[in-house]
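Asker: Sharing structure.cif below, mmCIF, C-alpha atoms; chains and numbers go by the auth columns:
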data_work
#
loop_
_atom_site.group_PDB
_atom_site.id
_atom_site.type_symbol
_atom_site.label_atom_id
_atom_site.label_comp_id
_atom_site.label_asym_id
_atom_site.label_seq_id
_atom_site.Cartn_x
_atom_site.Cartn_y
_atom_site.Cartn_z
_atom_site.B_iso_or_equiv
_atom_site.auth_seq_id
_atom_site.auth_asym_id
ATOM 1 C CA MET A 1 0.000 0.000 0.000 0.00 30 X
ATOM 2 C CA ARG A 2 1.471 3.308 -1.078 0.00 31 X
ATOM 3 C CA ALA A 3 -1.234 5.863 -0.281 0.00 32 X
ATOM 4 C CA VAL A 4 -4.082 6.763 2.053 0.00 33 X
ATOM 5 C CA VAL A 5 -7.150 8.659 0.824 0.00 34 X
ATOM 6 C CA PHE A 6 -9.181 10.289 3.577 0.00 35 X
ATOM 7 C CA ASP A 7 -12.723 11.495 3.820 0.00 36 X
ATOM 8 C CA PHE A 8 -12.739 14.956 5.414 0.00 37 X
ATOM 9 C CA PHE A 9 -15.768 15.743 7.595 0.00 38 X
ATOM 10 C CA GLY A 10 -16.005 13.526 10.660 0.00 39 X
ATOM 11 C CA THR A 11 -12.838 11.685 9.661 0.00 40 X
ATOM 12 C CA LEU A 12 -10.059 14.267 9.697 0.00 41 X
ATOM 13 C CA THR A 13 -12.230 16.907 11.338 0.00 42 X
ATOM 14 C CA ASP A 14 -13.406 16.812 14.949 0.00 43 X
ATOM 15 C CA PRO A 15 -16.679 14.851 15.086 0.00 44 X
ATOM 16 C CA GLY A 16 -17.548 16.674 18.284 0.00 45 X
ATOM 17 C CA ILE A 17 -17.980 19.963 16.422 0.00 46 X
ATOM 18 C CA GLU A 18 -20.609 18.588 14.036 0.00 47 X
ATOM 19 C CA ALA A 19 -23.469 19.613 16.322 0.00 48 X
ATOM 20 C CA GLY A 20 -22.549 23.223 15.585 0.00 49 X
ATOM 21 C CA ARG A 21 -23.805 22.976 12.017 0.00 50 X
ATOM 22 C CA ARG A 22 -27.368 23.927 12.897 0.00 51 X
ATOM 23 C CA ASP A 23 -26.356 26.929 15.008 0.00 52 X
ATOM 24 C CA ALA A 24 -24.119 28.197 12.211 0.00 53 X
ATOM 25 C CA ALA A 25 -26.960 27.805 9.713 0.00 54 X
ATOM 26 C CA TYR A 26 -29.265 29.814 11.970 0.00 55 X
ATOM 27 C CA VAL A 27 -26.804 32.741 11.937 0.00 56 X
ATOM 28 C CA THR A 28 -26.777 32.670 8.135 0.00 57 X
ATOM 29 C CA ALA A 29 -30.582 32.488 8.077 0.00 58 X
ATOM 30 C CA ALA A 30 -30.798 35.576 10.270 0.00 59 X
ATOM 31 C CA ALA A 31 -28.550 37.484 7.859 0.00 60 X
ATOM 32 C CA LEU A 32 -30.774 36.417 4.957 0.00 61 X
ATOM 33 C CA GLY A 33 -33.927 37.337 6.878 0.00 62 X
ATOM 34 C CA VAL A 34 -35.499 33.874 6.537 0.00 63 X
ATOM 35 C CA PRO A 35 -36.928 31.506 9.178 0.00 64 X
ATOM 36 C CA PRO A 36 -34.070 29.427 10.599 0.00 65 X
ATOM 37 C CA GLU A 37 -35.854 26.083 10.464 0.00 66 X
ATOM 38 C CA SER A 38 -36.956 26.666 6.878 0.00 67 X
ATOM 39 C CA PHE A 39 -33.379 27.518 5.934 0.00 68 X
ATOM 40 C CA TRP A 40 -32.028 24.426 7.720 0.00 69 X
ATOM 41 C CA THR A 41 -34.520 22.264 5.818 0.00 70 X
ATOM 42 C CA ALA A 42 -33.594 23.911 2.527 0.00 71 X
ATOM 43 C CA LEU A 43 -29.916 23.153 3.145 0.00 72 X
ATOM 44 C CA GLY A 44 -30.657 19.533 3.974 0.00 73 X
ATOM 45 C CA THR A 45 -32.855 18.852 0.962 0.00 74 X
ATOM 46 C CA SER A 46 -30.422 20.505 -1.452 0.00 75 X
ATOM 47 C CA PHE A 47 -27.260 18.759 -0.233 0.00 76 X
ATOM 48 C CA THR A 48 -26.408 16.977 -3.468 0.00 77 X
ATOM 49 C CA GLU A 49 -27.178 20.052 -5.569 0.00 78 X
ATOM 50 C CA ARG A 50 -24.983 22.269 -3.421 0.00 79 X
ATOM 51 C CA ILE A 51 -21.957 20.000 -3.122 0.00 80 X
ATOM 52 C CA THR A 52 -21.804 19.242 -6.846 0.00 81 X
ATOM 53 C CA GLY A 53 -21.760 22.905 -7.861 0.00 82 X
ATOM 54 C CA ARG A 54 -25.209 22.938 -9.417 0.00 83 X
ATOM 55 C CA HIS A 55 -25.964 26.367 -7.944 0.00 84 X
ATOM 56 C CA GLY A 56 -22.487 27.843 -8.240 0.00 85 X
ATOM 57 C CA GLY A 57 -20.634 29.443 -5.329 0.00 86 X
ATOM 58 C CA THR A 58 -21.687 30.471 -1.850 0.00 87 X
ATOM 59 C CA ARG A 59 -23.473 33.662 -2.840 0.00 88 X
ATOM 60 C CA SER A 60 -25.656 32.103 -5.516 0.00 89 X
ATOM 61 C CA ILE A 61 -26.355 29.076 -3.311 0.00 90 X
ATOM 62 C CA LEU A 62 -27.567 31.279 -0.459 0.00 91 X
ATOM 63 C CA ALA A 63 -29.725 33.310 -2.825 0.00 92 X
ATOM 64 C CA GLU A 64 -31.337 30.074 -4.033 0.00 93 X
ATOM 65 C CA MET A 65 -31.870 28.813 -0.479 0.00 94 X
ATOM 66 C CA ALA A 66 -33.517 32.127 0.424 0.00 95 X
ATOM 67 C CA ARG A 67 -35.849 31.815 -2.554 0.00 96 X
ATOM 68 C CA ARG A 68 -36.828 28.343 -1.380 0.00 97 X
ATOM 69 C CA CYS A 69 -37.714 29.956 1.930 0.00 98 X
ATOM 70 C CA GLY A 70 -39.908 32.509 0.150 0.00 99 X
ATOM 71 C CA ALA A 71 -37.522 35.471 0.316 0.00 100 X
ATOM 72 C CA GLU A 72 -35.560 37.609 -2.139 0.00 101 X
ATOM 73 C CA PRO A 73 -32.686 39.093 -0.110 0.00 102 X
ATOM 74 C CA ASP A 74 -31.126 42.362 -1.233 0.00 103 X
ATOM 75 C CA GLU A 75 -27.417 42.668 -2.003 0.00 104 X
ATOM 76 C CA ALA A 76 -26.515 43.896 1.480 0.00 105 X
ATOM 77 C CA SER A 77 -28.295 40.939 3.059 0.00 106 X
ATOM 78 C CA LEU A 78 -26.498 38.540 0.730 0.00 107 X
ATOM 79 C CA ASP A 79 -23.157 40.152 1.591 0.00 108 X
ATOM 80 C CA ALA A 80 -23.863 39.622 5.290 0.00 109 X
ATOM 81 C CA ALA A 81 -25.074 36.075 4.723 0.00 110 X
ATOM 82 C CA VAL A 82 -21.969 35.103 2.746 0.00 111 X
ATOM 83 C CA GLU A 83 -19.755 36.479 5.503 0.00 112 X
ATOM 84 C CA ALA A 84 -21.760 34.647 8.165 0.00 113 X
ATOM 85 C CA HIS A 85 -21.752 31.404 6.197 0.00 114 X
ATOM 86 C CA HIS A 86 -17.990 31.427 5.723 0.00 115 X
ATOM 87 C CA ALA A 87 -17.463 32.314 9.380 0.00 116 X
ATOM 88 C CA GLY A 88 -19.710 29.434 10.389 0.00 117 X
ATOM 89 C CA SER A 89 -17.965 26.954 8.072 0.00 118 X
ATOM 90 C CA VAL A 90 -14.395 27.408 9.305 0.00 119 X
ATOM 91 C CA PRO A 91 -14.932 26.016 12.845 0.00 120 X
ATOM 92 C CA LEU A 92 -16.335 22.826 11.291 0.00 121 X
ATOM 93 C CA TRP A 93 -12.904 22.189 9.757 0.00 122 X
ATOM 94 C CA ARG A 94 -11.201 21.909 13.155 0.00 123 X
ATOM 95 C CA PRO A 95 -8.913 18.861 13.197 0.00 124 X
ATOM 96 C CA ARG A 96 -9.925 15.955 15.366 0.00 125 X
ATOM 97 C CA PRO A 97 -7.504 15.411 18.256 0.00 126 X
ATOM 98 C CA GLY A 98 -4.288 13.893 16.941 0.00 127 X
ATOM 99 C CA ALA A 99 -5.267 14.061 13.260 0.00 128 X
ATOM 100 C CA LEU A 100 -2.438 16.323 12.128 0.00 129 X
ATOM 101 C CA GLU A 101 0.108 14.242 14.010 0.00 130 X
ATOM 102 C CA VAL A 102 -1.140 11.048 12.357 0.00 131 X
ATOM 103 C CA LEU A 103 -1.005 12.668 8.915 0.00 132 X
ATOM 104 C CA ALA A 104 2.554 13.860 9.522 0.00 133 X
ATOM 105 C CA ASP A 105 3.585 10.417 10.756 0.00 134 X
ATOM 106 C CA LEU A 106 2.099 8.578 7.777 0.00 135 X
ATOM 107 C CA ARG A 107 3.615 11.059 5.357 0.00 136 X
ATOM 108 C CA GLY A 108 6.969 10.734 7.079 0.00 137 X
ATOM 109 C CA ARG A 109 6.812 6.986 6.444 0.00 138 X
ATOM 110 C CA GLY A 110 6.613 7.622 2.718 0.00 139 X
ATOM 111 C CA LEU A 111 2.865 7.246 2.173 0.00 140 X
ATOM 112 C CA ARG A 112 1.120 9.578 -0.255 0.00 141 X
ATOM 113 C CA LEU A 113 -1.926 11.249 1.310 0.00 142 X
ATOM 114 C CA GLY A 114 -5.130 12.450 -0.334 0.00 143 X
ATOM 115 C CA VAL A 115 -8.513 13.869 0.617 0.00 144 X
ATOM 116 C CA LEU A 116 -11.743 12.965 -1.185 0.00 145 X
ATOM 117 C CA SER A 117 -14.601 15.033 0.197 0.00 146 X
ATOM 118 C CA ASP A 118 -18.231 15.753 -0.508 0.00 147 X
ATOM 119 C CA CYS A 119 -18.114 19.466 0.214 0.00 148 X
ATOM 120 C CA GLY A 120 -19.283 22.880 -0.850 0.00 149 X
ATOM 121 C CA ALA A 121 -17.469 25.869 -2.271 0.00 150 X
ATOM 122 C CA GLU A 122 -16.292 27.078 1.127 0.00 151 X
ATOM 123 C CA LEU A 123 -13.806 24.260 1.740 0.00 152 X
ATOM 124 C CA CYS A 124 -12.532 24.385 -1.842 0.00 153 X
ATOM 125 C CA GLN A 125 -11.832 28.086 -1.556 0.00 154 X
ATOM 126 C CA GLY A 126 -10.421 27.941 1.968 0.00 155 X
ATOM 127 C CA TRP A 127 -8.389 24.735 1.694 0.00 156 X
ATOM 128 C CA ALA A 128 -4.980 26.341 1.198 0.00 157 X
ATOM 129 C CA ALA A 129 -5.264 28.157 4.536 0.00 158 X
ATOM 130 C CA THR A 130 -6.144 25.023 6.534 0.00 159 X
ATOM 131 C CA PRO A 131 -3.550 23.154 8.628 0.00 160 X
ATOM 132 C CA TYR A 132 -4.217 20.058 6.527 0.00 161 X
ATOM 133 C CA ALA A 133 -3.021 21.504 3.247 0.00 162 X
ATOM 134 C CA PRO A 134 0.755 21.159 3.835 0.00 163 X
ATOM 135 C CA LEU A 135 0.286 17.488 4.755 0.00 164 X
ATOM 136 C CA ILE A 136 -1.967 16.423 1.864 0.00 165 X
ATOM 137 C CA ASP A 137 -0.575 15.606 -1.564 0.00 166 X
ATOM 138 C CA ALA A 138 -3.821 15.669 -3.566 0.00 167 X
ATOM 139 C CA THR A 139 -7.454 16.681 -3.118 0.00 168 X
ATOM 140 C CA VAL A 140 -10.663 15.717 -4.887 0.00 169 X
ATOM 141 C CA PHE A 141 -13.604 17.943 -3.946 0.00 170 X
ATOM 142 C CA SER A 142 -17.129 17.170 -5.121 0.00 171 X
ATOM 143 C CA TRP A 143 -17.979 20.836 -5.715 0.00 172 X
ATOM 144 C CA GLU A 144 -15.085 21.175 -8.156 0.00 173 X
ATOM 145 C CA GLU A 145 -15.650 17.794 -9.808 0.00 174 X
ATOM 146 C CA GLY A 146 -19.417 18.098 -10.298 0.00 175 X
ATOM 147 C CA ALA A 147 -20.080 14.696 -8.721 0.00 176 X
ATOM 148 C CA ARG A 148 -20.299 13.150 -5.260 0.00 177 X
ATOM 149 C CA LYS A 149 -19.313 9.853 -3.702 0.00 178 X
ATOM 150 C CA PRO A 150 -19.634 6.999 -4.527 0.00 179 X
ATOM 151 C CA GLU A 151 -19.074 8.154 -8.143 0.00 180 X
ATOM 152 C CA PRO A 152 -16.273 5.863 -9.443 0.00 181 X
ATOM 153 C CA ARG A 153 -14.332 8.549 -11.268 0.00 182 X
ATOM 154 C CA LEU A 154 -13.712 10.447 -8.022 0.00 183 X
ATOM 155 C CA TYR A 155 -11.739 7.530 -6.597 0.00 184 X
ATOM 156 C CA ALA A 156 -9.893 7.061 -9.876 0.00 185 X
ATOM 157 C CA THR A 157 -9.058 10.764 -9.892 0.00 186 X
ATOM 158 C CA ALA A 158 -7.743 10.614 -6.330 0.00 187 X
ATOM 159 C CA ALA A 159 -5.448 7.705 -7.162 0.00 188 X
ATOM 160 C CA ALA A 160 -4.251 9.368 -10.365 0.00 189 X
ATOM 161 C CA ARG A 161 -3.443 12.622 -8.586 0.00 190 X
ATOM 162 C CA LEU A 162 -1.470 10.684 -5.993 0.00 191 X
ATOM 163 C CA GLY A 163 0.415 8.872 -8.740 0.00 192 X
ATOM 164 C CA VAL A 164 -0.556 5.395 -7.574 0.00 193 X
ATOM 165 C CA ALA A 165 -2.922 2.619 -8.598 0.00 194 X
ATOM 166 C CA ALA A 166 -6.283 2.447 -6.822 0.00 195 X
ATOM 167 C CA GLY A 167 -5.327 -0.979 -5.491 0.00 196 X
ATOM 168 C CA GLU A 168 -2.404 0.609 -3.668 0.00 197 X
ATOM 169 C CA CYS A 169 -4.677 2.951 -1.672 0.00 198 X
ATOM 170 C CA TRP A 170 -6.344 2.703 1.677 0.00 199 X
ATOM 171 C CA TYR A 171 -9.615 4.633 1.798 0.00 200 X
ATOM 172 C CA VAL A 172 -10.503 5.960 5.265 0.00 201 X
ATOM 173 C CA GLY A 173 -13.858 7.454 6.213 0.00 202 X
ATOM 174 C CA ASP A 174 -16.681 7.508 8.738 0.00 203 X
ATOM 175 C CA GLY A 175 -19.205 5.975 6.355 0.00 204 X
ATOM 176 C CA GLY A 176 -21.223 8.768 4.761 0.00 205 X
ATOM 177 C CA SER A 177 -22.132 8.995 1.073 0.00 206 X
ATOM 178 C CA ARG A 178 -21.732 5.228 0.591 0.00 207 X
ATOM 179 C CA GLU A 179 -18.042 6.050 0.395 0.00 208 X
ATOM 180 C CA HIS A 180 -16.793 2.599 1.400 0.00 209 X
ATOM 181 C CA GLN A 181 -18.926 0.909 -1.232 0.00 210 X
ATOM 182 C CA GLY A 182 -17.379 3.264 -3.761 0.00 211 X
ATOM 183 C CA ALA A 183 -13.867 2.639 -2.485 0.00 212 X
ATOM 184 C CA ARG A 184 -14.295 -1.133 -2.624 0.00 213 X
ATOM 185 C CA ALA A 185 -15.703 -0.943 -6.162 0.00 214 X
ATOM 186 C CA ALA A 186 -12.742 1.224 -7.179 0.00 215 X
ATOM 187 C CA GLY A 187 -10.284 -1.356 -5.861 0.00 216 X
ATOM 188 C CA MET A 188 -9.182 0.571 -2.785 0.00 217 X
ATOM 189 C CA ARG A 189 -8.987 -1.005 0.660 0.00 218 X
ATOM 190 C CA PRO A 190 -11.718 0.665 2.756 0.00 219 X
ATOM 191 C CA VAL A 191 -11.342 1.412 6.459 0.00 220 X
ATOM 192 C CA LEU A 192 -14.253 2.566 8.616 0.00 221 X
ATOM 193 C CA VAL A 193 -13.585 5.104 11.359 0.00 222 X
ATOM 194 C CA THR A 194 -16.398 4.282 13.793 0.00 223 X
ATOM 195 C CA ASN A 195 -16.130 7.480 15.872 0.00 224 X
ATOM 196 C CA ALA A 196 -17.157 5.339 18.828 0.00 225 X
ATOM 197 C CA GLY A 197 -16.109 8.124 21.173 0.00 226 X
ATOM 198 C CA TYR A 198 -18.561 10.565 19.581 0.00 227 X
ATOM 199 C CA PRO A 199 -22.112 9.225 19.999 0.00 228 X
ATOM 200 C CA GLY A 200 -24.539 10.844 17.595 0.00 229 X
ATOM 201 C CA ALA A 201 -21.919 12.191 15.183 0.00 230 X
ATOM 202 C CA GLY A 202 -23.173 9.896 12.436 0.00 231 X
ATOM 203 C CA VAL A 203 -26.498 11.720 12.181 0.00 232 X
ATOM 204 C CA HIS A 204 -24.727 14.398 10.155 0.00 233 X
ATOM 205 C CA ARG A 205 -23.626 11.978 7.423 0.00 234 X
ATOM 206 C CA ASP A 206 -25.780 11.876 4.296 0.00 235 X
ATOM 207 C CA ASP A 207 -26.590 8.593 2.506 0.00 236 X
ATOM 208 C CA PRO A 208 -24.670 6.328 4.919 0.00 237 X
ATOM 209 C CA ASP A 209 -22.971 3.106 3.880 0.00 238 X
ATOM 210 C CA SER A 210 -24.764 -0.207 4.205 0.00 239 X
ATOM 211 C CA PHE A 211 -21.437 -1.951 3.599 0.00 240 X
ATOM 212 C CA VAL A 212 -19.201 -2.279 6.684 0.00 241 X
ATOM 213 C CA PRO A 213 -15.555 -2.859 5.743 0.00 242 X
ATOM 214 C CA PRO A 214 -13.624 -5.685 7.411 0.00 243 X
ATOM 215 C CA ASP A 215 -11.123 -3.079 8.626 0.00 244 X
ATOM 216 C CA THR A 216 -12.580 -0.805 11.303 0.00 245 X
ATOM 217 C CA VAL A 217 -10.905 1.558 13.757 0.00 246 X
ATOM 218 C CA ASP A 218 -12.364 3.847 16.395 0.00 247 X
ATOM 219 C CA ASP A 219 -10.047 6.765 15.648 0.00 248 X
ATOM 220 C CA LEU A 220 -7.016 7.759 13.611 0.00 249 X
ATOM 221 C CA ASP A 221 -4.564 6.310 16.122 0.00 250 X
ATOM 222 C CA GLY A 222 -6.193 2.989 15.335 0.00 251 X
ATOM 223 C CA LEU A 223 -5.634 3.674 11.650 0.00 252 X
ATOM 224 C CA ARG A 224 -1.942 4.287 12.227 0.00 253 X
ATOM 225 C CA SER A 225 -1.665 0.965 14.031 0.00 254 X
ATOM 226 C CA LEU A 226 -3.506 -0.797 11.191 0.00 255 X
ATOM 227 C CA VAL A 227 -1.246 0.700 8.546 0.00 256 X
ATOM 228 C CA LEU A 228 1.918 -0.144 10.449 0.00 257 X
ATOM 229 C CA GLN A 229 0.751 -3.692 11.044 0.00 258 X
ATOM 230 C CA ALA A 230 0.048 -4.162 7.345 0.00 259 X
ATOM 231 C CA ALA A 231 3.491 -2.835 6.484 0.00 260 X
ATOM 232 C CA ARG A 232 5.293 -5.479 8.557 0.00 261 X
#
What is this file in structure tokens?

Answerer:
Amino acid sequence: MRAVVFDFFGTLTDPGIEAGRRDAAYVTAAALGVPPESFWTALGTSFTERITGRHGGTRSILAEMARRCGAEPDEASLDAAVEAHHAGSVPLWRPRPGALEVLADLRGRGLRLGVLSDCGAELCQGWAATPYAPLIDATVFSWEEGARKPEPRLYATAAARLGVAAGECWYVGDGGSREHQGARAAGMRPVLVTNAGYPGAGVHRDDPDSFVPPDTVDDLDGLRSLVLQAAR
């Protein structure tokens, strides 16, 4: 195995911060002048549209969400909403405890590292400023690619950008978006991060896997142990 491809949210990020998604959405809703629950519902029902770039960037997405809530925000309201939405997104990128250390360790052992994430425009645009960026060799973001997991070409693209064959990749994720089914079909070796220490975190994953990989770990320290054991 020459590479590890990671899911992002709930895998590299802190699963404990996921509960903050709703509160952040409510701040954006207030800036748009729409009912918070209606806005939260609009976000949830448009997930695939938003993360595959169907509505463009943050500003046009928020304008569309407002329309679905029965409002037509003016330019000043949209400016405020975009600012609020970006401010609310950044805390959700906080690394899970020990994640950066595990990435540095794996990279130091010669493994190529990638991220394959179902995400919106905010992460794509803010990636370079995150603490992950210096440790990751290649990214594949659904918003840029126009497709979401488990689309086969996303896994193929990740392997190609890492310069390895798909069969030489571990795929590590917490089980949203049927990602492990996609990884297995692509020829990667899937690993489930159970997040056993974070009860309820899984509720924030869309379209969860029905396939449970043979390799499961509770956290990224467990992943490091699994990788090292396989390398012996």

Asker: Apply the PyMOL selection byres ((chain X and resi 51-60) around 10) to the displayed file and report the matching residues as a short mmCIF file (atom, residue, chain, number, x, y, z; two decimals) with C-alpha atoms, in the coordinates of the input.

Answerer:
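Here's the written file out_7.cif:
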data_model
loop_
_atom_site.label_atom_id
_atom_site.label_comp_id
_atom_site.auth_asym_id
_atom_site.auth_seq_id
_atom_site.Cartn_x
_atom_site.Cartn_y
_atom_site.Cartn_z
CA GLU X 47 -20.61 18.59 14.04
CA ALA X 48 -23.47 19.61 16.32
CA GLY X 49 -22.55 23.22 15.58
CA ARG X 50 -23.80 22.98 12.02
CA LEU X 61 -30.77 36.42 4.96
CA GLY X 62 -33.93 37.34 6.88
CA VAL X 63 -35.50 33.87 6.54
CA PRO X 64 -36.93 31.51 9.18
CA PRO X 65 -34.07 29.43 10.60
CA GLU X 66 -35.85 26.08 10.46
CA SER X 67 -36.96 26.67 6.88
CA PHE X 68 -33.38 27.52 5.93
CA TRP X 69 -32.03 24.43 7.72
CA LEU X 72 -29.92 23.15 3.14
CA LEU X 91 -27.57 31.28 -0.46
CA MET X 94 -31.87 28.81 -0.48
CA ALA X 95 -33.52 32.13 0.42
CA CYS X 98 -37.71 29.96 1.93
CA PRO X 102 -32.69 39.09 -0.11
CA ALA X 105 -26.52 43.90 1.48
CA SER X 106 -28.30 40.94 3.06
CA LEU X 107 -26.50 38.54 0.73
CA ASP X 108 -23.16 40.15 1.59
CA ALA X 109 -23.86 39.62 5.29
CA ALA X 110 -25.07 36.08 4.72
CA VAL X 111 -21.97 35.10 2.75
CA GLU X 112 -19.76 36.48 5.50
CA ALA X 113 -21.76 34.65 8.16
CA HIS X 114 -21.75 31.40 6.20
CA HIS X 115 -17.99 31.43 5.72
CA ALA X 116 -17.46 32.31 9.38
CA GLY X 117 -19.71 29.43 10.39
CA SER X 118 -17.96 26.95 8.07
CA PRO X 120 -14.93 26.02 12.84
CA LEU X 121 -16.34 22.83 11.29
#

Asker: Which residues, written as a ChimeraX atom specification, have at least one atom at most 9 Å from Gly175 in chain X, with only C-alpha atoms counted and residues fewer than 5 positions away on the same chain left out?

Answerer: /X:80-83,170

Asker: Rank X:Ala92, X:Ala162, X:Val33, X:Val232 by their smallest atom-to-atom distance to Leu191 in chain X, using only C-alpha atoms, and report the top residue only.

Answerer: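 Closest candidate: X:Val33.
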
Asker: Distance CA of Val241 in chain X-CA of Trp156 in chain X, one decimal place?

Answerer: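 Between CA of Val241 in chain X and CA of Trp156 in chain X the gap works out to 29.5 Å.
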
Asker: Quick one: of X:Pro163, X:Gly139, X:Ser171, X:Thr70, who's nearest to Arg97 in chain X, counting only C-alpha atoms?

Answerer: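 With only C-alpha atoms as the atom set, the closest residue is X:Thr70.
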
Asker: Determine, counting all atoms listed in the file, every residue of protein, DNA or RNA that lies within 8 Å of (1.0, 2.5, 6.6) in the file coordinates, then give the result as JSON, numbers by chain.

Answerer: {"X": [30, 31, 32, 135, 138, 140, 253, 255, 256, 257, 258, 259, 260]}

Asker: Show me, as a tab-separated table, the residues of range 114-173 of chain X having an atom within 10 Å of range 203-213 of chain X, each with the closest atom pair and its distance in Å, using all atoms listed in the file.

Answerer:
residue	atom	partner	partner_atom	distance
X:Leu145	CA	X:Glu208	CA	9.5
X:Ser146	CA	X:Glu208	CA	9.6
X:Asp147	CA	X:Ser206	CA	8.0

Asker: Looking at all atoms listed in the file, which of X:Gly143, X:Pro124, X:Gly229, X:Gly202 is the one that sits closest to Ala187 in chain X?

Answerer: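 Nearest candidate to Ala187 in chain X out of X:Gly143, X:Pro124, X:Gly229, X:Gly202: X:Gly143.
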
Asker: Considering only C-alpha atoms, can you say which of X:Met217, X:Tyr227, X:His84, X:Thr245 comes closest to Pro181 in chain X?

Answerer: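 Smallest separation from Pro181 in chain X among the options: X:Met217.
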
Asker: For the PyMOL selection byres ((chain X and resi 221) around 10), applied here, can you spell out every residue it catches as a list in words?

Answerer: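 When the PyMOL selection byres ((chain X and resi 221) around 10) is applied, the selected residues are Thr40, Tyr200, Val201, Gly202, Asp203, Gly204, Glu208, His209, Pro219, Val220, Val222, Thr223, Asn224, Asp238, Phe240, Val241, Pro242, Pro243, Asp244, Thr245, Val246, Asp247, Asp248 and Leu252 of chain X.
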
Asker: Using all atoms listed in the file - which residues lie no farther than 10 Å from the point (-30.2, 16.8, 5.5) in the file's frame? Write them as a list in words.

Answerer: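 Protein and nucleic acid residues near the point are Trp69, Thr70, Ala71, Leu72, Gly73, Thr74, Ser75, Phe76, Thr77, Val232, His233, Arg234, Asp235 and Asp236 of chain X.
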
Asker: At what distance in Å, to one decimal, does CA of Pro237 in chain X lie from CA of Pro179 in chain X?

Answerer: 10.7 Å

Asker: Of the candidates X:Gly86, X:Gly39, X:Pro44, X:Gly231, which shows the shortest atom-to-atom distance to Cys153 in chain X, using all atoms listed in the file?

Answerer: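 For Cys153 in chain X, the nearest of the given residues is X:Gly86.
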
Asker: Kindly resolve the PyMOL selection byres ((chain X and resi 189) around 12) on the present coordinates and return the residues as a ChimeraX atom specification.

Answerer: /X:32,34,141,143,166-169,182-188,190-198
